[in-house]
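Structure below is target34.pdb: PDB, C-alpha atoms.
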```pdb
ATOM      1  CA  MET A 111     -44.457   8.514 -64.952  1.00  0.00           C
ATOM      2  CA  LYS A 112     -46.111   9.973 -68.020  1.00  0.00           C
ATOM      3  CA  PHE A 113     -48.693  12.732 -67.659  1.00  0.00           C
ATOM      4  CA  ARG A 114     -51.424  14.099 -69.890  1.00  0.00           C
ATOM      5  CA  ARG A 115     -53.465  17.258 -69.764  1.00  0.00           C
ATOM      6  CA  LEU A 116     -57.007  16.591 -68.571  1.00  0.00           C
ATOM      7  CA  GLY A 117     -59.380  17.847 -71.265  1.00  0.00           C
ATOM      8  CA  SER A 118     -59.285  21.613 -71.614  1.00  0.00           C
ATOM      9  CA  THR A 119     -58.069  22.135 -68.025  1.00  0.00           C
ATOM     10  CA  ASP A 120     -54.586  22.988 -66.845  1.00  0.00           C
ATOM     11  CA  LEU A 121     -54.463  19.757 -64.844  1.00  0.00           C
ATOM     12  CA  ASN A 122     -51.747  17.237 -65.691  1.00  0.00           C
ATOM     13  CA  VAL A 123     -52.779  13.748 -64.621  1.00  0.00           C
ATOM     14  CA  SER A 124     -50.683  10.613 -64.469  1.00  0.00           C
ATOM     15  CA  VAL A 125     -51.545   8.126 -67.209  1.00  0.00           C
ATOM     16  CA  ILE A 126     -51.954   5.544 -64.447  1.00  0.00           C
ATOM     17  CA  GLY A 127     -54.445   6.286 -61.698  1.00  0.00           C
ATOM     18  CA  LEU A 128     -55.168   4.508 -58.442  1.00  0.00           C
ATOM     19  CA  GLY A 129     -58.603   2.916 -58.244  1.00  0.00           C
ATOM     20  CA  THR A 130     -59.888   2.692 -54.685  1.00  0.00           C
ATOM     21  CA  TRP A 131     -62.932   0.403 -54.823  1.00  0.00           C
ATOM     22  CA  GLN A 132     -61.021  -2.102 -52.699  1.00  0.00           C
ATOM     23  CA  PHE A 133     -60.852   0.388 -49.810  1.00  0.00           C
ATOM     24  CA  GLY A 134     -64.619  -0.034 -49.382  1.00  0.00           C
ATOM     25  CA  GLY A 135     -64.178  -3.615 -48.166  1.00  0.00           C
ATOM     26  CA  GLU A 136     -65.738  -5.505 -51.050  1.00  0.00           C
ATOM     27  CA  TRP A 137     -62.582  -7.470 -51.838  1.00  0.00           C
ATOM     28  CA  GLY A 138     -62.892  -9.344 -48.568  1.00  0.00           C
ATOM     29  CA  ILE A 139     -60.270  -7.178 -46.890  1.00  0.00           C
ATOM     30  CA  ASP A 140     -61.079  -4.524 -44.321  1.00  0.00           C
ATOM     31  CA  TYR A 141     -58.378  -1.914 -44.856  1.00  0.00           C
ATOM     32  CA  THR A 142     -57.102   0.245 -42.051  1.00  0.00           C
ATOM     33  CA  GLN A 143     -56.170   3.898 -42.436  1.00  0.00           C
ATOM     34  CA  ALA A 144     -52.519   2.921 -41.987  1.00  0.00           C
ATOM     35  CA  GLU A 145     -52.726   0.447 -44.883  1.00  0.00           C
ATOM     36  CA  VAL A 146     -54.442   2.991 -47.117  1.00  0.00           C
ATOM     37  CA  ASP A 147     -51.778   5.548 -46.210  1.00  0.00           C
ATOM     38  CA  LEU A 148     -49.033   3.136 -47.259  1.00  0.00           C
ATOM     39  CA  ILE A 149     -50.747   2.405 -50.584  1.00  0.00           C
ATOM     40  CA  LEU A 150     -51.266   6.092 -51.334  1.00  0.00           C
ATOM     41  CA  ASP A 151     -47.696   6.924 -50.275  1.00  0.00           C
ATOM     42  CA  GLN A 152     -46.390   4.250 -52.657  1.00  0.00           C
ATOM     43  CA  ALA A 153     -48.576   5.561 -55.477  1.00  0.00           C
ATOM     44  CA  HIS A 154     -47.224   9.055 -54.838  1.00  0.00           C
ATOM     45  CA  ASP A 155     -43.642   7.762 -54.826  1.00  0.00           C
ATOM     46  CA  LEU A 156     -44.292   6.142 -58.222  1.00  0.00           C
ATOM     47  CA  GLY A 157     -45.559   9.450 -59.627  1.00  0.00           C
ATOM     48  CA  ILE A 158     -49.274   8.659 -59.594  1.00  0.00           C
ATOM     49  CA  ASN A 159     -51.370  11.732 -58.889  1.00  0.00           C
ATOM     50  CA  LEU A 160     -54.853  10.542 -59.930  1.00  0.00           C
ATOM     51  CA  ILE A 161     -57.135   8.850 -57.404  1.00  0.00           C
ATOM     52  CA  ASP A 162     -60.419   7.347 -58.591  1.00  0.00           C
ATOM     53  CA  THR A 163     -63.143   6.820 -55.986  1.00  0.00           C
ATOM     54  CA  ALA A 164     -66.928   6.924 -55.529  1.00  0.00           C
ATOM     55  CA  GLU A 165     -69.429   7.462 -52.769  1.00  0.00           C
ATOM     56  CA  CYS A 166     -70.663   3.885 -53.038  1.00  0.00           C
ATOM     57  CA  TYR A 167     -67.268   2.289 -52.384  1.00  0.00           C
ATOM     58  CA  GLY A 168     -68.123   1.005 -48.926  1.00  0.00           C
ATOM     59  CA  ASP A 169     -70.799   3.655 -48.335  1.00  0.00           C
ATOM     60  CA  HIS A 170     -68.273   6.539 -48.459  1.00  0.00           C
ATOM     61  CA  LEU A 171     -65.556   4.526 -46.701  1.00  0.00           C
ATOM     62  CA  SER A 172     -63.079   4.883 -49.560  1.00  0.00           C
ATOM     63  CA  GLU A 173     -63.662   8.643 -49.683  1.00  0.00           C
ATOM     64  CA  GLN A 174     -63.206   8.870 -45.902  1.00  0.00           C
ATOM     65  CA  PHE A 175     -59.867   7.071 -46.071  1.00  0.00           C
ATOM     66  CA  ILE A 176     -58.709   9.299 -48.929  1.00  0.00           C
ATOM     67  CA  GLY A 177     -59.926  12.485 -47.244  1.00  0.00           C
ATOM     68  CA  ASN A 178     -58.151  11.584 -44.016  1.00  0.00           C
ATOM     69  CA  TYR A 179     -54.952  10.855 -45.933  1.00  0.00           C
ATOM     70  CA  ILE A 180     -55.110  14.028 -48.014  1.00  0.00           C
ATOM     71  CA  SER A 181     -55.787  16.161 -44.922  1.00  0.00           C
ATOM     72  CA  ARG A 182     -52.323  15.200 -43.677  1.00  0.00           C
ATOM     73  CA  ARG A 183     -50.534  15.655 -47.009  1.00  0.00           C
ATOM     74  CA  ASN A 184     -50.057  18.296 -49.682  1.00  0.00           C
ATOM     75  CA  ARG A 185     -53.480  18.539 -51.369  1.00  0.00           C
ATOM     76  CA  GLU A 186     -51.862  20.068 -54.456  1.00  0.00           C
ATOM     77  CA  ASP A 187     -50.145  16.736 -55.201  1.00  0.00           C
ATOM     78  CA  TRP A 188     -53.416  14.954 -55.991  1.00  0.00           C
ATOM     79  CA  ILE A 189     -56.280  14.983 -58.475  1.00  0.00           C
ATOM     80  CA  ILE A 190     -59.312  13.165 -57.092  1.00  0.00           C
ATOM     81  CA  ALA A 191     -62.026  11.875 -59.403  1.00  0.00           C
ATOM     82  CA  THR A 192     -65.157  10.758 -57.605  1.00  0.00           C
ATOM     83  CA  LYS A 193     -68.523   9.557 -58.829  1.00  0.00           C
ATOM     84  CA  PHE A 194     -72.046   9.706 -57.466  1.00  0.00           C
ATOM     85  CA  GLY A 195     -75.530   8.487 -58.272  1.00  0.00           C
ATOM     86  CA  HIS A 196     -75.721   5.237 -56.354  1.00  0.00           C
ATOM     87  CA  GLU A 197     -77.280   4.361 -53.058  1.00  0.00           C
ATOM     88  CA  PHE A 198     -75.244   1.838 -51.066  1.00  0.00           C
ATOM     89  CA  HIS A 199     -77.323  -0.847 -49.334  1.00  0.00           C
ATOM     90  CA  SER A 200     -74.712  -3.456 -48.460  1.00  0.00           C
ATOM     91  CA  ILE A 201     -71.680  -5.125 -49.960  1.00  0.00           C
ATOM     92  CA  PHE A 202     -72.314  -5.603 -53.709  1.00  0.00           C
ATOM     93  CA  SER A 203     -75.802  -4.110 -53.367  1.00  0.00           C
ATOM     94  CA  ARG A 204     -76.559  -0.648 -54.770  1.00  0.00           C
ATOM     95  CA  THR A 205     -79.292   1.075 -56.666  1.00  0.00           C
ATOM     96  CA  ASP A 206     -79.002   3.975 -59.054  1.00  0.00           C
ATOM     97  CA  ARG A 207     -80.085   7.264 -57.546  1.00  0.00           C
ATOM     98  CA  TYR A 208     -79.875  10.356 -59.672  1.00  0.00           C
ATOM     99  CA  ASP A 209     -82.314  12.667 -57.857  1.00  0.00           C
TER     100      ASP A 209
END
```

How does the structure come out when it is put into structure tokens?
Amino acid sequence: MKFRRLGSTDLNVSVIGLGTWQFGGEWGIDYTQAEVDLILDQAHDLGINLIDTAECYGDHLSEQFIGNYISRRNREDWIIATKFGHEFHSIFSRTDRYD
């Protein structure tokens, strides 16, 4: 895996990150924690250390899966990028919320 320094930080991130929108259930699949664990383990084995998520991926579901996984692993192995500013209403339905 290739890595690059993130901006002016000392963080080295993999050039390939793992997007986790699918963990929120909007792909028509309801993931289990065990399935998420396997995906994240495989990403780790391939050298990926960047996880991309957001609060609106399944109304925090993706973040919950990731948090549960990370709590049982070495936190230092991962860089987590999350986003905010959306209110989840239902699958494929959100509004911007920046207050």

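Note that atom CA of Leu128 of chain A and atom CA of Arg204 of chain A are 22.3 Å apart.
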
**Q.** Chain and number of each residue from the PyMOL selection byres ((chain A and resi 180) around 12), as a list in words
**A.**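 For this structure, the PyMOL selection byres ((chain A and resi 180) around 12) resolves to Gln143, Val146, Asp147, Leu150, Asp151, His154, Asn159, Ile161, Glu173, Gln174, Phe175, Ile176, Gly177, Asn178, Tyr179, Ser181, Arg182, Arg183, Asn184, Arg185, Glu186, Asp187, Trp188, Ile189 and Ile190 of chain A.
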
Q: List the neighbours of Tyr208 of chain A out to 10 Å using all atoms listed in the file; skip same-chain residues closer than 4 positions along the sequence, and give me the result as a list in words.
A: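 Residues meeting the cut-off are Phe194, Gly195, His196 and Glu197 of chain A.
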
Can you write out the residues you just picked, keeping C-alpha atoms, as a PDB file, in the frame of the given file?
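To be explicit, this is the file written out as part11.pdb:
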```
ATOM      1  CA  PHE A 194     -72.046   9.706 -57.466  1.00  0.00           C
ATOM      2  CA  GLY A 195     -75.530   8.487 -58.272  1.00  0.00           C
ATOM      3  CA  HIS A 196     -75.721   5.237 -56.354  1.00  0.00           C
ATOM      4  CA  GLU A 197     -77.280   4.361 -53.058  1.00  0.00           C
TER       5      GLU A 197
END
```

Q: Carefully work through the PyMOL selection byres ((chain A and resi 119-125) around 9) for this structure and note down the residues it includes, as a PyMOL selection string.
A: chain A and resi 111-118+126-127+157-160+188-189

Q: For the point (-60.8, 9.0, -57.3) in the file's frame, write as a list in words all residues with an atom no more than 7 Å away, counting only C-alpha atoms.
A: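 Residues with an atom at most 7 Å from (-60.8, 9.0, -57.3): Gly129, Thr130, Leu160, Ile161, Asp162, Thr163, Ala164, Ile190, Ala191 and Thr192 of chain A.
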
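Our summary of the geometry notes that atom CA of Ile139 of chain A is positioned 18.9 Å from atom CA of Gln152 of chain A.
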
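Atom CA of Asp140 of chain A is found 17.4 Å from atom CA of His199 of chain A.
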
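With all atoms listed in the file as the atoms that count, the residue of A:Tyr167, A:Asp155, A:Lys193, A:Thr205 with the shortest distance to Phe133 of chain A is A:Tyr167.
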